[in-house]
$ cat model.cif   # mmCIF, C-alpha atoms
data_input
#
loop_
_atom_site.label_atom_id
_atom_site.label_comp_id
_atom_site.auth_asym_id
_atom_site.auth_seq_id
_atom_site.Cartn_x
_atom_site.Cartn_y
_atom_site.Cartn_z
CA GLY A 5 79.28 114.91 119.80
CA ALA A 6 80.79 116.68 116.85
CA GLY A 7 83.97 114.66 116.81
CA VAL A 8 86.23 112.30 118.74
CA SER A 9 87.38 113.82 122.01
CA GLN A 10 90.27 112.74 124.22
CA THR A 11 91.16 113.69 127.75
CA PRO A 12 93.47 114.87 129.08
CA SER A 13 95.19 116.78 126.28
CA ASN A 14 98.49 116.46 128.07
CA LYS A 15 99.60 114.23 130.91
CA VAL A 16 102.89 114.37 132.79
CA THR A 17 103.68 111.52 135.14
CA GLU A 18 106.62 109.94 136.89
CA LYS A 19 108.23 106.66 136.00
CA GLY A 20 106.42 103.79 137.68
CA LYS A 21 103.06 105.54 138.02
CA TYR A 22 99.71 104.40 136.62
CA VAL A 23 97.86 106.50 134.01
CA GLU A 24 94.47 106.39 132.33
CA LEU A 25 93.70 108.03 129.00
CA ARG A 26 90.10 108.53 127.94
CA CYS A 27 88.47 108.54 124.50
CA ASP A 28 84.92 109.63 123.63
CA PRO A 29 84.07 108.44 120.10
CA ILE A 30 81.64 110.00 117.66
CA SER A 31 78.09 109.20 118.76
CA GLY A 32 76.84 106.01 117.15
CA HIS A 33 80.25 104.75 116.07
CA THR A 34 80.66 101.13 117.09
CA ALA A 35 84.33 100.75 116.15
CA LEU A 36 87.08 102.38 118.22
CA TYR A 37 90.84 102.30 117.74
CA TRP A 38 93.90 103.31 119.76
CA TYR A 39 97.21 104.26 118.15
CA ARG A 40 100.51 105.48 119.58
CA GLN A 41 102.61 108.10 117.80
CA SER A 42 106.21 108.52 118.88
CA LEU A 43 108.15 111.64 117.96
CA GLY A 44 108.93 111.78 114.25
CA GLN A 45 106.98 108.62 113.47
CA GLY A 46 103.62 107.69 112.03
CA PRO A 47 100.92 106.33 114.32
CA GLU A 48 101.23 102.66 115.31
CA PHE A 49 98.18 100.51 115.98
CA LEU A 50 97.54 99.36 119.53
CA ILE A 51 94.01 97.93 119.80
CA TYR A 52 90.66 97.87 118.01
CA PHE A 53 87.22 97.51 119.62
CA GLN A 54 84.02 96.49 117.88
CA GLY A 55 81.33 97.31 120.42
CA THR A 56 82.47 96.28 123.89
CA GLY A 57 84.95 93.63 122.82
CA ALA A 58 88.54 93.93 121.69
CA ALA A 59 88.54 92.55 118.14
CA ASP A 60 92.31 92.94 117.72
CA ASP A 61 94.77 93.75 120.51
CA SER A 62 97.88 92.60 118.66
CA GLY A 63 99.48 96.03 118.84
CA LEU A 64 99.63 96.33 122.63
CA PRO A 65 103.37 96.29 123.37
CA ASN A 66 103.25 94.35 126.65
CA ASP A 67 101.00 93.49 129.57
CA ARG A 68 101.44 96.92 131.16
CA PHE A 69 99.00 98.22 128.56
CA PHE A 70 95.30 97.48 128.82
CA ALA A 71 92.17 99.05 127.31
CA VAL A 72 88.48 98.74 128.08
CA ARG A 73 85.20 99.84 126.54
CA PRO A 74 82.60 98.51 128.97
CA GLU A 75 79.48 100.07 127.45
CA GLY A 76 80.54 100.18 123.83
CA SER A 77 81.08 103.93 123.81
CA VAL A 78 83.80 105.58 125.92
CA SER A 79 87.14 103.77 126.06
CA THR A 80 89.98 104.01 128.54
CA LEU A 81 93.58 103.09 127.81
CA LYS A 82 95.40 102.11 130.98
CA ILE A 83 99.16 102.00 131.39
CA GLN A 84 100.69 100.47 134.52
CA ARG A 85 104.20 101.06 135.85
CA THR A 86 104.91 103.69 133.21
CA GLU A 87 108.36 103.85 131.63
CA ARG A 88 110.10 106.76 129.91
CA GLY A 89 109.72 104.91 126.61
CA ASP A 90 105.94 105.16 126.93
CA SER A 91 106.19 108.90 126.24
CA ALA A 92 104.25 109.55 123.04
CA VAL A 93 101.01 110.94 121.67
CA TYR A 94 98.16 108.47 122.10
CA LEU A 95 95.55 108.82 119.38
CA CYS A 96 92.02 107.49 119.41
CA ALA A 97 89.83 107.04 116.33
CA SER A 98 86.31 105.83 115.69
CA SER A 99 84.32 104.65 112.69
CA PRO A 100 80.70 103.66 112.04
CA GLY A 101 81.66 99.99 112.32
CA THR A 102 80.85 98.58 108.92
CA ALA A 103 83.81 97.09 107.14
CA GLN A 104 86.69 99.33 106.13
CA GLU A 105 84.98 102.57 107.01
CA THR A 106 87.05 105.72 107.29
CA GLN A 107 88.50 106.29 110.76
CA TYR A 108 88.00 109.70 112.37
CA PHE A 109 90.71 110.74 114.80
CA GLY A 110 90.71 112.70 118.01
CA PRO A 111 93.35 115.31 118.92
CA GLY A 112 95.35 112.85 120.99
CA THR A 113 96.79 112.82 124.50
CA ARG A 114 100.46 113.73 124.82
CA LEU A 115 101.96 111.58 127.58
CA LEU A 116 105.31 112.51 129.09
CA VAL A 117 106.90 110.11 131.56
CA LEU A 118 109.68 111.71 133.59
CA ALA B 12 103.25 92.14 107.21
CA GLN B 13 102.36 95.29 105.35
CA THR B 14 104.76 98.21 105.27
CA VAL B 15 104.34 101.77 104.04
CA THR B 16 107.28 103.90 102.95
CA GLN B 17 107.35 107.66 102.51
CA SER B 18 110.75 108.55 101.13
CA GLN B 19 110.46 112.35 101.44
CA PRO B 20 110.84 113.46 105.09
CA GLU B 21 110.31 117.11 104.14
CA MET B 22 109.06 119.07 101.15
CA SER B 23 108.26 122.67 100.42
CA VAL B 24 106.21 124.40 97.74
CA GLN B 25 105.28 127.95 96.85
CA GLU B 26 101.72 129.06 97.37
CA ALA B 27 99.50 128.34 94.34
CA GLU B 28 101.91 125.78 92.90
CA THR B 29 101.55 122.00 92.67
CA VAL B 30 103.37 119.43 94.77
CA THR B 31 103.44 115.63 94.75
CA LEU B 32 104.09 113.49 97.81
CA SER B 33 105.30 109.92 97.31
CA CYS B 34 104.20 106.72 98.99
CA THR B 35 105.02 103.09 98.30
CA TYR B 36 103.75 100.05 100.13
CA ASP B 37 104.43 96.36 100.35
CA THR B 38 101.71 93.74 100.63
CA SER B 39 100.80 90.31 99.35
CA GLU B 40 97.10 91.13 99.55
CA ASN B 41 95.05 91.89 96.45
CA ASN B 42 92.21 93.78 98.10
CA TYR B 43 92.96 96.75 100.32
CA TYR B 44 92.44 100.45 100.90
CA LEU B 45 94.87 103.35 100.83
CA PHE B 46 94.56 106.69 102.57
CA TRP B 47 96.26 110.03 102.89
CA TYR B 48 95.85 111.78 106.22
CA LYS B 49 96.91 115.33 107.11
CA GLN B 50 98.16 116.18 110.60
CA PRO B 51 98.49 119.92 111.34
CA PRO B 52 100.27 121.16 114.49
CA SER B 53 97.00 120.70 116.38
CA ARG B 54 97.77 116.94 116.16
CA GLN B 55 94.36 115.91 114.85
CA MET B 56 94.60 113.55 111.89
CA ILE B 57 92.27 114.59 109.08
CA LEU B 58 91.38 112.34 106.16
CA VAL B 59 92.45 113.91 102.85
CA ILE B 60 91.58 111.19 100.37
CA ARG B 61 90.86 107.47 100.14
CA GLN B 62 91.37 104.89 97.37
CA GLU B 63 89.95 101.39 97.07
CA ALA B 64 92.47 99.07 95.40
CA TYR B 65 89.80 97.44 93.21
CA LYS B 66 88.99 100.78 91.59
CA GLN B 67 91.13 101.66 88.59
CA GLN B 68 90.06 105.28 88.57
CA ASN B 69 92.22 107.57 90.68
CA ALA B 70 90.42 109.29 93.55
CA THR B 71 90.08 113.09 93.58
CA GLU B 72 88.85 115.51 96.23
CA ASN B 73 88.87 119.13 95.06
CA ARG B 74 92.55 120.19 94.93
CA PHE B 75 93.77 116.75 96.03
CA SER B 76 94.22 113.78 93.72
CA VAL B 77 96.14 110.53 93.77
CA ASN B 78 98.16 108.55 91.28
CA PHE B 79 97.50 104.93 92.20
CA GLN B 80 99.75 102.41 90.46
CA LYS B 81 98.75 99.00 91.80
CA ALA B 82 101.38 96.95 90.00
CA ALA B 83 104.12 99.27 91.22
CA LYS B 84 102.52 99.49 94.70
CA SER B 85 102.70 103.26 94.52
CA PHE B 86 100.19 105.79 95.83
CA SER B 87 101.27 109.42 95.41
CA LEU B 88 99.30 112.50 96.45
CA LYS B 89 99.13 115.59 94.26
CA ILE B 90 98.12 118.90 95.79
CA SER B 91 97.18 121.56 93.25
CA ASP B 92 96.99 125.31 93.90
CA SER B 93 98.76 124.87 97.26
CA GLN B 94 97.47 127.02 100.11
CA LEU B 95 99.15 128.14 103.32
CA GLY B 96 96.66 126.00 105.25
CA ASP B 97 98.04 122.90 103.54
CA THR B 98 101.17 123.17 105.70
CA ALA B 99 101.16 119.98 107.81
CA MET B 100 102.50 116.46 108.16
CA TYR B 101 101.04 114.09 105.58
CA PHE B 102 100.76 110.39 106.28
CA CYS B 103 100.09 107.60 103.81
CA ALA B 104 98.22 104.63 105.30
CA PHE B 105 97.15 101.11 104.29
CA MET B 106 94.30 98.87 105.42
CA THR B 107 93.71 95.26 104.38
CA GLN B 108 90.22 94.45 103.14
CA GLY B 109 88.49 91.78 105.15
CA GLY B 110 91.11 91.59 107.83
CA SER B 111 91.86 93.60 110.93
CA GLU B 112 90.62 97.14 110.70
CA LYS B 113 93.98 98.60 111.67
CA LEU B 114 95.70 101.27 109.64
CA VAL B 115 99.41 100.88 108.87
CA PHE B 116 101.07 104.29 108.50
CA GLY B 117 104.23 105.58 106.89
CA LYS B 118 106.59 107.91 108.75
CA GLY B 119 105.13 110.98 107.13
CA THR B 120 106.22 113.90 104.98
CA LYS B 121 106.40 117.40 106.43
CA LEU B 122 105.00 119.81 103.84
CA THR B 123 105.60 123.55 104.10
CA VAL B 124 103.74 125.94 101.82
CA ASN B 125 105.64 129.22 101.47
CA PRO B 126 103.94 132.56 100.74
#
$ encode --input "model.cif" --output "structure tokens"
Amino acid sequence: GAGVSQTPSNKVTEKGKYVELRCDPISGHTALYWYRQSLGQGPEFLIYFQGTGAADDSGLPNDRFFAVRPEGSVSTLKIQRTERGDSAVYLCASSPGTAQETQYFGPGTRLLVL
Amino acid sequence: AQTVTQSQPEMSVQEAETVTLSCTYDTSENNYYLFWYKQPPSRQMILVIRQEAYKQQNATENRFSVNFQKAAKSFSLKISDSQLGDTAMYFCAFMTQGGSEKLVFGKGTKLTVNP
């Protein structure tokens, strides 16, 4: 595709529910990243995939957060038992996969937990 | 751990004038990369400019240029001939060379270009 796409654009859920956020990277990009951006803050790193495997998941805040990329392309960020503090914009980025390449971002998913 | 500080929460500039956004960072690494990203209201982060720390020459991209001072750990962005479309949040970001590929961002500067 032309760029990184994320679905849904917006998601409203209730406290305690389970949500899935999807990211479609640029075709051919082997590296994929998830970031979380709270209101008035810069993005914070969550997890980085190289191919199908998570190369660095040190940014995941707790075990309610999990991400997969089973075929090395599309990735899904999964949040269990959502809390109001999970409300944020979740950004996905991809890069060609060679070292220190520029990351290209999607438009994000705005998650609101009521 | 690396940190990035943007000390100007908001700035404004008149159309066609020049503005400089500040960024400082803290790291013990010698090899790294620095970036400026623009985030308009559409939320999509767009790369403005990138600098490799091993390069002494400051990066430029059309109206955008940086002043990279490695010893001072400073990385400011200069926007010349400001345009209304430059109105956005601007984020400074850091990436270690050879380590995790994660970007570390500052809190951002909200830039408004006035007609």
$ residues_around --input "model.cif" --residues "B:Ile60" --least-positions-apart "6" --cutoff "7 Å" --atoms "all atoms listed in the file" --output "ChimeraX atom specification"
/B:46-47,72
$ resolve_selection --input "model.cif" --expression "the PyMOL selection byres ((chain A) within 6 of (chain B))" --output "PyMOL selection string"
chain A and resi 45-46+109-111
$ closest_residue --input "model.cif" --among "B:Cys34, B:Thr98, B:Asn42, B:Lys49" --to "B:Asn78" --atoms "only C-alpha atoms"
B:Cys34
$ closest_residue --input "model.cif" --among "B:Gly96, B:Phe75, B:Ala82, B:Gln25" --to "B:Asp37" --atoms "only C-alpha atoms"
B:Ala82
$ residues_around --input "model.cif" --residues "stretch 95-97 of chain A" --least-positions-apart "4" --cutoff "7 Å" --atoms "all atoms listed in the file" --output "PDB file with C-alpha atoms, in the frame of the given file"
ATOM      1  CA  VAL A   8      86.230 112.300 118.740  1.00  0.00           C
ATOM      2  CA  CYS A  27      88.470 108.540 124.500  1.00  0.00           C
ATOM      3  CA  LEU A  36      87.080 102.380 118.220  1.00  0.00           C
ATOM      4  CA  TYR A  37      90.840 102.300 117.740  1.00  0.00           C
ATOM      5  CA  TRP A  38      93.900 103.310 119.760  1.00  0.00           C
ATOM      6  CA  TYR A  39      97.210 104.260 118.150  1.00  0.00           C
ATOM      7  CA  ARG A  40     100.510 105.480 119.580  1.00  0.00           C
ATOM      8  CA  GLN A 107      88.500 106.290 110.760  1.00  0.00           C
ATOM      9  CA  TYR A 108      88.000 109.700 112.370  1.00  0.00           C
ATOM     10  CA  PHE A 109      90.710 110.740 114.800  1.00  0.00           C
ATOM     11  CA  GLY A 110      90.710 112.700 118.010  1.00  0.00           C
ATOM     12  CA  PRO A 111      93.350 115.310 118.920  1.00  0.00           C
ATOM     13  CA  GLY A 112      95.350 112.850 120.990  1.00  0.00           C
ATOM     14  CA  THR A 113      96.790 112.820 124.500  1.00  0.00           C
TER      15      THR A 113
END
$ residues_near_point --input "model.cif" --point "(95.0, 117.3, 126.9)" --cutoff "9 Å" --atoms "only C-alpha atoms" --output "ChimeraX atom specification"
/A:10-15,111-114
$ atom_distance --input "model.cif" --atom1 "atom CA of A:Ser31" --atom2 "atom CA of A:Ala92"
26.5 Å
$ atom_distance --input "model.cif" --atom1 "atom CA of B:Ser39" --atom2 "atom CA of A:Thr34"
28.9 Å
$ resolve_selection --input "model.cif" --expression "the PyMOL selection byres ((chain B and resi 88) around 6)" --output "MDAnalysis selection string"
chainID B and resid 31:32 76:77 87 89
$ atom_distance --input "model.cif" --atom1 "atom CA of B:Val30" --atom2 "atom CA of B:Phe105"
21.6 Å
$ closest_residue --input "model.cif" --among "A:Leu50, A:Ala58, A:Leu25, A:Leu43" --to "A:Ile83" --atoms "all atoms listed in the file"
A:Leu25
$ closest_residue --input "model.cif" --among "B:Asn73, B:Ser85, B:Gln68, B:Gln62" --to "B:Ser33" --atoms "all atoms listed in the file"
B:Ser85
$ resolve_selection --input "model.cif" --expression "the PyMOL selection byres ((chain A and resi 33) around 7)" --output "PyMOL selection string"
chain A and resi 29-32+34-35+98-101
$ write_last_selection --input "model.cif" --atoms "C-alpha atoms" --output "tab-separated table (two decimals), in the frame of the given file"
chain	number	residue	atom	x	y	z
A	29	PRO	CA	84.07	108.44	120.10
A	30	ILE	CA	81.64	110.00	117.66
A	31	SER	CA	78.09	109.20	118.76
A	32	GLY	CA	76.84	106.01	117.15
A	34	THR	CA	80.66	101.13	117.09
A	35	ALA	CA	84.33	100.75	116.15
A	98	SER	CA	86.31	105.83	115.69
A	99	SER	CA	84.32	104.65	112.69
A	100	PRO	CA	80.70	103.66	112.04
A	101	GLY	CA	81.66	99.99	112.32
$ residues_around --input "model.cif" --residues "A:Ser77" --least-positions-apart "2" --cutoff "7 Å" --atoms "all atoms listed in the file" --output "ChimeraX atom specification"
/A:28-29,73,75,79
